[in-house]
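Take a look at the structure set out below.
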Amino acid sequence: MEPARTLRELLVRNRDLRMLWLGNLVSACGGWFSAVAVFAMVYAHSGAGLAAGLTLAVRYLPGVMAGVWGGVLADRADRRAVMLVTDVLMAALALAFLLADDPGRLWLVYPLTFASAAAGFVFQAARNAWMPSLARPEEYPLYSAAVQVNGLAFQALGGVAGGLVVTVVGWRWAFAVNAASFLLSAWLTASVRSGDRFAGVASHGWWRSLREGAAVAARTRAIAALLLLEAVFCLGLGGTITAMTYLALRVHDLGQGGAGWFYGVQGVVGSVVLVVAASRIRALGPSGRHLVIGLSCLAEGVLTMLLGLPSSVLPALALWGLIAAAEVVYGPAAMTVLLTAAPNEVRGRVTSLWSATATLSLGVSAAAAGALLDRLDASAVFALLGLPMAVAGGVWLAVHRRRDVAGGADGESLGPRVADRS
């Protein structure tokens with residue numbers, strides 16, 4: 001049978017991939033319910049932008065620690081078993097957030113957010129190592145789009161529905177929905193038995209395994225290029241979520257669940273664009289995918305710099321939708337480059353290192369944006385956040401063009417890196 005050419009074909013033909021996709025679809029919905037609820041609870045009990053920024057930073061930072069070691073675990077253990085255990089753990093932690101619904105116990109949000117995020121990054125490492133093995137290499141852009149579109153689709157439903165639930169009945173029900181979603185995700189994951197669940201890594205020490213994965217990333221030009229791009233770009237991206245929440249709740253006064261409307265627009269626009277673009281990105285060659293990566297970063301940065309300018313909510317939502325459209329095409333192109341460069345035996349470690357690089361920058365950016373929002377106008381903060389995103393995309397495109405002009409385009413090896421420009 002020929003490789004699938006569209007996202008629909010991939011999901012219809014491939015039963016096991018479809019079951020994992022559905023599991024992620026369900027848990028993504030609950031996750032967006034929880035995101036809306038946590039921010040609403042923190043703003044209600046503290047009223048400070050810094051508190052919300054720190055909450056988002058704590059959500060990201062475990063990716064640097066737990067995420068990296070989760071990649072080692074994914075290359076040493078049964079990847080499906082890791083996903084099942086972390087799903088159940090995240091269900092219990094989702095319910096535990098109910099304990100923080102009081103000003104005197106608000107501090108519990110931070111350790112609970114950290115623990116939930118840590119479990120999530122371990123889950124993500126196992127999924128990123130196992131799930132691609134259910135698709136063919138020619139289908140990697142479609143696989144990446146499938147993973148991305150499930151989060152976007154239920155970001156739309158979870159964001160808007162979460163906003164409505166939080167506004168109408170409070171955040172407690174959002175946490176309950178989140179817990180149920182993780183349990184349903186575990187049930188769907190348990191039905192899948194194919195793919196490369198074991199990487200066959202030798203049973204040497206964990207530190208050596210980690211160093212081996214880092215060495216592969218350092219000497220593989222495509223991987224090193226994406227690591228540098230993620231590090232710079234995410235210095236703006238993380239703070240954008242903090243600033244968007246502030247924009248919804250404090251500038252446009254959309255109510256406690258106001259961030260859900262922005263999440264909803266992002267999910268709807270992103271899903272539509274991604275479904276249409278996935279097959280086109282699949283048809284591109286390596287050079288075309290690198291062009292998509294650079295244009296996506298540049299456009300998102302420029303649009304983010306403008307986000308604080310609209311004085312009413314509808315133009316702001318429209319601009320947020322354009323940002324979503326620019327952002328979503330990055331995933332299939334970048335993930336195809338990464339998966340093509342990373343063999344199965346180190347895939348967990350390489351994808352986790354990529355995630356850790358991004359989350360470190362995201363966490364720093366989220367905390368910094370929260371502090372800046374307590375001191376600067378929102379429009380100034382958005383301008384500062386969009387700058388590194390636009391610069392990252394511009395440099396990527398400049399290097400890409402220089403390579404093409406010089407005749408040095410080498411398929412998946414293009415892109416900037418620290419010590420070598422591939």
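Just remember, in the structure tokens the first chain shown is A, the second B, etc., residues are 1-based per chain, and ligands are 1-based in the order shown.
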**Request:** Report the residues of stretch 208-417 of chain A whose backbone DSSP state falls under alpha helix (DSSP H), written as a ChimeraX atom specification.
**Result:** /A:208-219,221-246,259-283,286-306,313-328,330-341,347-373,378-406
Counting only C-alpha atoms, which residues of stretch 73-122 of chain A fall within 10 Å of stretch 325-349 of chain A, and what is the closest atom pair for each with its distance in Å at one decimal, ordered by chain and rising number, as a Markdown table?
| residue | atom | partner | partner_atom | distance |
| --- | --- | --- | --- | --- |
| A:Leu73 | CA | A:Gly348 | CA | 7.9 |
| A:Ala74 | CA | A:Gly348 | CA | 5.4 |
| A:Asp75 | CA | A:Gly348 | CA | 5.5 |
| A:Arg76 | CA | A:Glu345 | CA | 9.1 |
| A:Arg79 | CA | A:Gly348 | CA | 9.4 |
| A:Val122 | CA | A:Gly348 | CA | 9.9 |
Output all heavy atoms for every residue in the selection just made, as a short mmCIF file (atom, residue, chain, number, x, y, z; two decimals), in the first residue's frame.
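This is the output file out.cif:
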data_model
loop_
_atom_site.label_atom_id
_atom_site.label_comp_id
_atom_site.auth_asym_id
_atom_site.auth_seq_id
_atom_site.Cartn_x
_atom_site.Cartn_y
_atom_site.Cartn_z
N LEU A 73 14.35 7.48 29.62
CA LEU A 73 13.43 6.41 30.00
C LEU A 73 12.72 5.84 28.78
O LEU A 73 12.56 4.62 28.64
CB LEU A 73 12.40 6.93 31.01
CG LEU A 73 11.35 5.95 31.51
CD1 LEU A 73 12.00 4.80 32.27
CD2 LEU A 73 10.32 6.66 32.38
N ALA A 74 12.31 6.70 27.86
CA ALA A 74 11.60 6.25 26.66
C ALA A 74 12.46 5.39 25.77
O ALA A 74 11.94 4.55 25.02
CB ALA A 74 11.09 7.46 25.88
N ASP A 75 13.79 5.56 25.84
CA ASP A 75 14.69 4.74 25.03
C ASP A 75 15.17 3.49 25.77
O ASP A 75 15.91 2.68 25.21
CB ASP A 75 15.91 5.57 24.61
CG ASP A 75 15.56 6.59 23.53
OD1 ASP A 75 14.55 6.40 22.84
OD2 ASP A 75 16.31 7.58 23.38
N ARG A 76 14.74 3.32 27.03
CA ARG A 76 15.16 2.17 27.82
C ARG A 76 13.99 1.27 28.23
O ARG A 76 14.20 0.09 28.52
CB ARG A 76 15.89 2.64 29.09
CG ARG A 76 17.17 3.40 28.84
CD ARG A 76 17.71 4.02 30.13
NE ARG A 76 18.15 3.02 31.07
CZ ARG A 76 19.42 2.61 31.21
NH1 ARG A 76 20.36 3.15 30.43
NH2 ARG A 76 19.75 1.72 32.09
N ARG A 79 7.63 1.93 26.01
CA ARG A 79 7.10 3.28 25.82
C ARG A 79 5.60 3.35 26.10
O ARG A 79 5.11 4.35 26.63
CB ARG A 79 7.42 3.75 24.40
CG ARG A 79 8.92 3.99 24.20
CD ARG A 79 9.33 4.00 22.74
NE ARG A 79 10.75 4.37 22.59
CZ ARG A 79 11.43 4.33 21.45
NH1 ARG A 79 10.82 3.91 20.35
NH2 ARG A 79 12.70 4.67 21.41
N VAL A 122 7.27 13.55 30.62
CA VAL A 122 7.67 12.15 30.52
C VAL A 122 6.74 11.41 29.54
O VAL A 122 7.18 10.63 28.69
CB VAL A 122 7.66 11.47 31.90
CG1 VAL A 122 7.90 9.97 31.77
CG2 VAL A 122 8.71 12.10 32.81
#
**Selected residue, from A:Ala100, A:Val38, A:Ala371, A:Ala366, that lies nearest to A:Leu235 when counting only C-alpha atoms** =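 So, comparing all the options, the nearest one is A:Ala366.
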I'd like the neighbourhood of stretch 2-17 of chain A as a compact mmCIF listing (two decimals) with all heavy atoms, in the first residue's frame, where a residue qualifies if any of its atoms comes within 9 Å (using only C-alpha atoms), though same-chain residues fewer than 6 positions away should be ignored.
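Produced file around.txt, reproduced below:
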# COMPACT_ATOMS: atom_id res chain seq x y z
N MET A 131 5.20 6.87 18.87
CA MET A 131 4.15 7.14 17.88
C MET A 131 4.67 7.28 16.45
O MET A 131 4.02 6.81 15.51
CB MET A 131 3.36 8.38 18.30
CG MET A 131 2.01 8.53 17.63
SD MET A 131 1.06 9.88 18.41
CE MET A 131 -0.38 9.93 17.35
N PRO A 132 5.84 7.92 16.20
CA PRO A 132 6.31 8.01 14.80
C PRO A 132 6.56 6.65 14.16
O PRO A 132 6.48 6.52 12.94
CB PRO A 132 7.61 8.81 14.92
CG PRO A 132 7.47 9.58 16.17
CD PRO A 132 6.70 8.69 17.10
N LEU A 134 4.73 4.22 14.13
CA LEU A 134 3.49 3.71 13.56
C LEU A 134 3.23 4.27 12.16
O LEU A 134 2.27 3.88 11.50
CB LEU A 134 2.31 4.06 14.47
CG LEU A 134 2.39 3.51 15.90
CD1 LEU A 134 1.26 4.07 16.74
CD2 LEU A 134 2.34 1.99 15.89
N ALA A 135 4.05 5.22 11.71
CA ALA A 135 3.91 5.82 10.39
C ALA A 135 5.17 5.56 9.57
O ALA A 135 6.23 5.22 10.12
CB ALA A 135 3.67 7.33 10.51
N ARG A 136 5.08 5.71 8.26
CA ARG A 136 6.23 5.59 7.38
C ARG A 136 6.97 6.92 7.32
O ARG A 136 6.38 7.98 7.56
CB ARG A 136 5.77 5.21 5.96
CG ARG A 136 4.95 3.94 5.89
CD ARG A 136 4.59 3.65 4.44
NE ARG A 136 3.62 2.57 4.33
CZ ARG A 136 3.21 2.06 3.18
NH1 ARG A 136 3.66 2.56 2.04
NH2 ARG A 136 2.32 1.08 3.16
N PRO A 137 8.27 6.89 7.00
CA PRO A 137 9.01 8.16 6.92
C PRO A 137 8.38 9.17 5.97
O PRO A 137 8.40 10.37 6.23
CB PRO A 137 10.40 7.71 6.42
CG PRO A 137 10.54 6.32 6.93
CD PRO A 137 9.15 5.73 6.86
N GLU A 138 7.78 8.68 4.85
CA GLU A 138 7.14 9.59 3.91
C GLU A 138 5.91 10.26 4.52
O GLU A 138 5.44 11.29 4.01
CB GLU A 138 6.72 8.86 2.64
CG GLU A 138 7.86 8.18 1.89
CD GLU A 138 8.06 6.74 2.33
OE1 GLU A 138 7.69 6.40 3.48
OE2 GLU A 138 8.59 5.95 1.54
N GLU A 139 5.40 9.69 5.61
CA GLU A 139 4.20 10.21 6.24
C GLU A 139 4.50 11.09 7.45
O GLU A 139 3.57 11.53 8.13
CB GLU A 139 3.29 9.05 6.68
CG GLU A 139 2.79 8.20 5.52
CD GLU A 139 2.10 6.92 5.98
OE1 GLU A 139 2.40 6.46 7.11
OE2 GLU A 139 1.28 6.38 5.22
N LEU A 142 2.55 14.30 7.82
CA LEU A 142 1.16 14.03 8.17
C LEU A 142 1.05 13.59 9.62
O LEU A 142 0.12 13.99 10.33
CB LEU A 142 0.57 12.96 7.24
CG LEU A 142 0.60 13.28 5.75
CD1 LEU A 142 0.05 12.11 4.94
CD2 LEU A 142 -0.19 14.54 5.46
N TYR A 143 1.99 12.77 10.07
CA TYR A 143 2.00 12.35 11.49
C TYR A 143 2.11 13.57 12.40
O TYR A 143 1.36 13.71 13.38
CB TYR A 143 3.15 11.38 11.75
CG TYR A 143 3.67 11.45 13.16
CD1 TYR A 143 2.95 10.88 14.21
CD2 TYR A 143 4.83 12.16 13.47
CE1 TYR A 143 3.40 11.00 15.52
CE2 TYR A 143 5.28 12.28 14.76
CZ TYR A 143 4.57 11.69 15.79
OH TYR A 143 4.99 11.82 17.08
N ALA A 145 1.40 16.64 11.74
CA ALA A 145 0.18 17.43 11.65
C ALA A 145 -0.93 16.80 12.48
O ALA A 145 -1.72 17.49 13.12
CB ALA A 145 -0.26 17.57 10.19
N ALA A 146 -1.01 15.46 12.47
CA ALA A 146 -2.04 14.76 13.26
C ALA A 146 -1.87 15.04 14.74
O ALA A 146 -2.85 15.31 15.46
CB ALA A 146 -1.97 13.25 12.99
N THR A 189 -4.82 4.29 24.84
CA THR A 189 -3.42 3.91 24.65
C THR A 189 -3.22 2.42 24.89
O THR A 189 -2.44 1.76 24.19
CB THR A 189 -2.52 4.73 25.58
OG1 THR A 189 -2.65 6.12 25.28
CG2 THR A 189 -1.06 4.32 25.45
N SER A 191 -5.00 0.03 24.12
CA SER A 191 -5.48 -0.80 23.01
C SER A 191 -4.47 -0.90 21.88
O SER A 191 -4.69 -1.65 20.93
CB SER A 191 -6.80 -0.23 22.47
OG SER A 191 -6.59 1.02 21.83
N VAL A 192 -3.37 -0.15 21.94
CA VAL A 192 -2.37 -0.14 20.87
C VAL A 192 -1.20 -1.04 21.26
O VAL A 192 -0.65 -0.90 22.36
CB VAL A 192 -1.87 1.29 20.61
CG1 VAL A 192 -0.83 1.31 19.49
CG2 VAL A 192 -3.04 2.20 20.26
N ARG A 193 -0.80 -1.93 20.34
CA ARG A 193 0.27 -2.88 20.68
C ARG A 193 1.38 -2.95 19.62
O ARG A 193 2.35 -3.67 19.81
CB ARG A 193 -0.32 -4.27 20.88
CG ARG A 193 -1.36 -4.30 22.01
CD ARG A 193 -1.87 -5.71 22.30
NE ARG A 193 -2.89 -5.67 23.35
CZ ARG A 193 -2.64 -5.63 24.64
NH1 ARG A 193 -1.39 -5.61 25.06
NH2 ARG A 193 -3.62 -5.59 25.53
N SER A 194 1.24 -2.22 18.52
CA SER A 194 2.26 -2.28 17.47
C SER A 194 3.25 -1.15 17.63
O SER A 194 3.20 -0.37 18.58
CB SER A 194 1.58 -2.23 16.10
OG SER A 194 0.88 -1.00 15.94
N GLY A 195 4.17 -1.03 16.66
CA GLY A 195 5.18 0.03 16.70
C GLY A 195 6.39 -0.37 17.52
O GLY A 195 6.44 -1.44 18.14
N VAL A 275 -4.90 21.37 8.60
CA VAL A 275 -5.50 20.32 7.78
C VAL A 275 -5.26 20.59 6.29
O VAL A 275 -4.95 19.69 5.52
CB VAL A 275 -7.00 20.19 8.08
CG1 VAL A 275 -7.69 19.30 7.05
CG2 VAL A 275 -7.21 19.60 9.47
N ALA A 278 -1.12 20.41 5.62
CA ALA A 278 -0.34 19.20 5.90
C ALA A 278 0.08 18.46 4.64
O ALA A 278 1.25 18.09 4.47
CB ALA A 278 -1.14 18.27 6.82
N SER A 279 -0.85 18.22 3.73
CA SER A 279 -0.52 17.48 2.51
C SER A 279 0.42 18.27 1.62
O SER A 279 1.27 17.70 0.91
CB SER A 279 -1.80 17.12 1.74
OG SER A 279 -2.53 18.29 1.40
N ARG A 280 0.31 19.60 1.64
CA ARG A 280 1.20 20.43 0.84
C ARG A 280 2.62 20.41 1.40
O ARG A 280 3.60 20.40 0.63
CB ARG A 280 0.67 21.86 0.78
CG ARG A 280 -0.61 21.98 -0.06
CD ARG A 280 -1.29 23.33 0.10
NE ARG A 280 -2.37 23.52 -0.86
CZ ARG A 280 -3.58 22.97 -0.73
NH1 ARG A 280 -3.82 22.18 0.32
NH2 ARG A 280 -4.51 23.17 -1.64
N ARG A 282 3.86 17.91 3.05
CA ARG A 282 4.35 16.58 2.72
C ARG A 282 4.94 16.54 1.32
O ARG A 282 5.93 15.84 1.06
CB ARG A 282 3.21 15.56 2.82
CG ARG A 282 3.62 14.12 2.47
CD ARG A 282 2.42 13.24 2.19
NE ARG A 282 2.81 11.87 1.87
CZ ARG A 282 3.27 11.49 0.70
NH1 ARG A 282 3.42 12.38 -0.28
NH2 ARG A 282 3.59 10.23 0.48
N ALA A 283 4.35 17.29 0.38
CA ALA A 283 4.81 17.27 -1.00
C ALA A 283 6.08 18.10 -1.21
O ALA A 283 6.73 17.97 -2.25
CB ALA A 283 3.70 17.79 -1.92
**Prompt:** Got a sec: who's within 12 Å of A:Ala299, counting only C-alpha atoms, leaving out chain neighbours fewer than 6 positions off, as number ranges by chain?
**Reply:** A: 233, 292-293, 305-306, 319, 322-330, 386-394, 397
**Request:** Kindly give the distance, in Å, that separates atom CA of A:Leu376 and atom CA of A:Ala358, rounded to a single decimal.
**Result:**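 A separation of 25.4 Å between them.
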**Asked** Counting only C-alpha atoms, which of A:Ala117, A:Val251, A:Leu373, A:Ala243 gets nearest to A:Ala66?
**Response**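 Of the candidates, the smallest distance to A:Ala66 is held by A:Ala117.
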**Item:** Two-atom distance - atom CA of A:Leu184, atom CA of A:Val88 (Å)
**Value:** 9.5 Å
**Message:** When you count only C-alpha atoms, which of these residues is closest to A:Trp187: A:Ala316, A:Ala378, A:Met1, A:Leu84?
**Reply:**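 Checking each of A:Ala316, A:Ala378, A:Met1, A:Leu84 against A:Trp187, counting only C-alpha atoms, the winner is A:Leu84.
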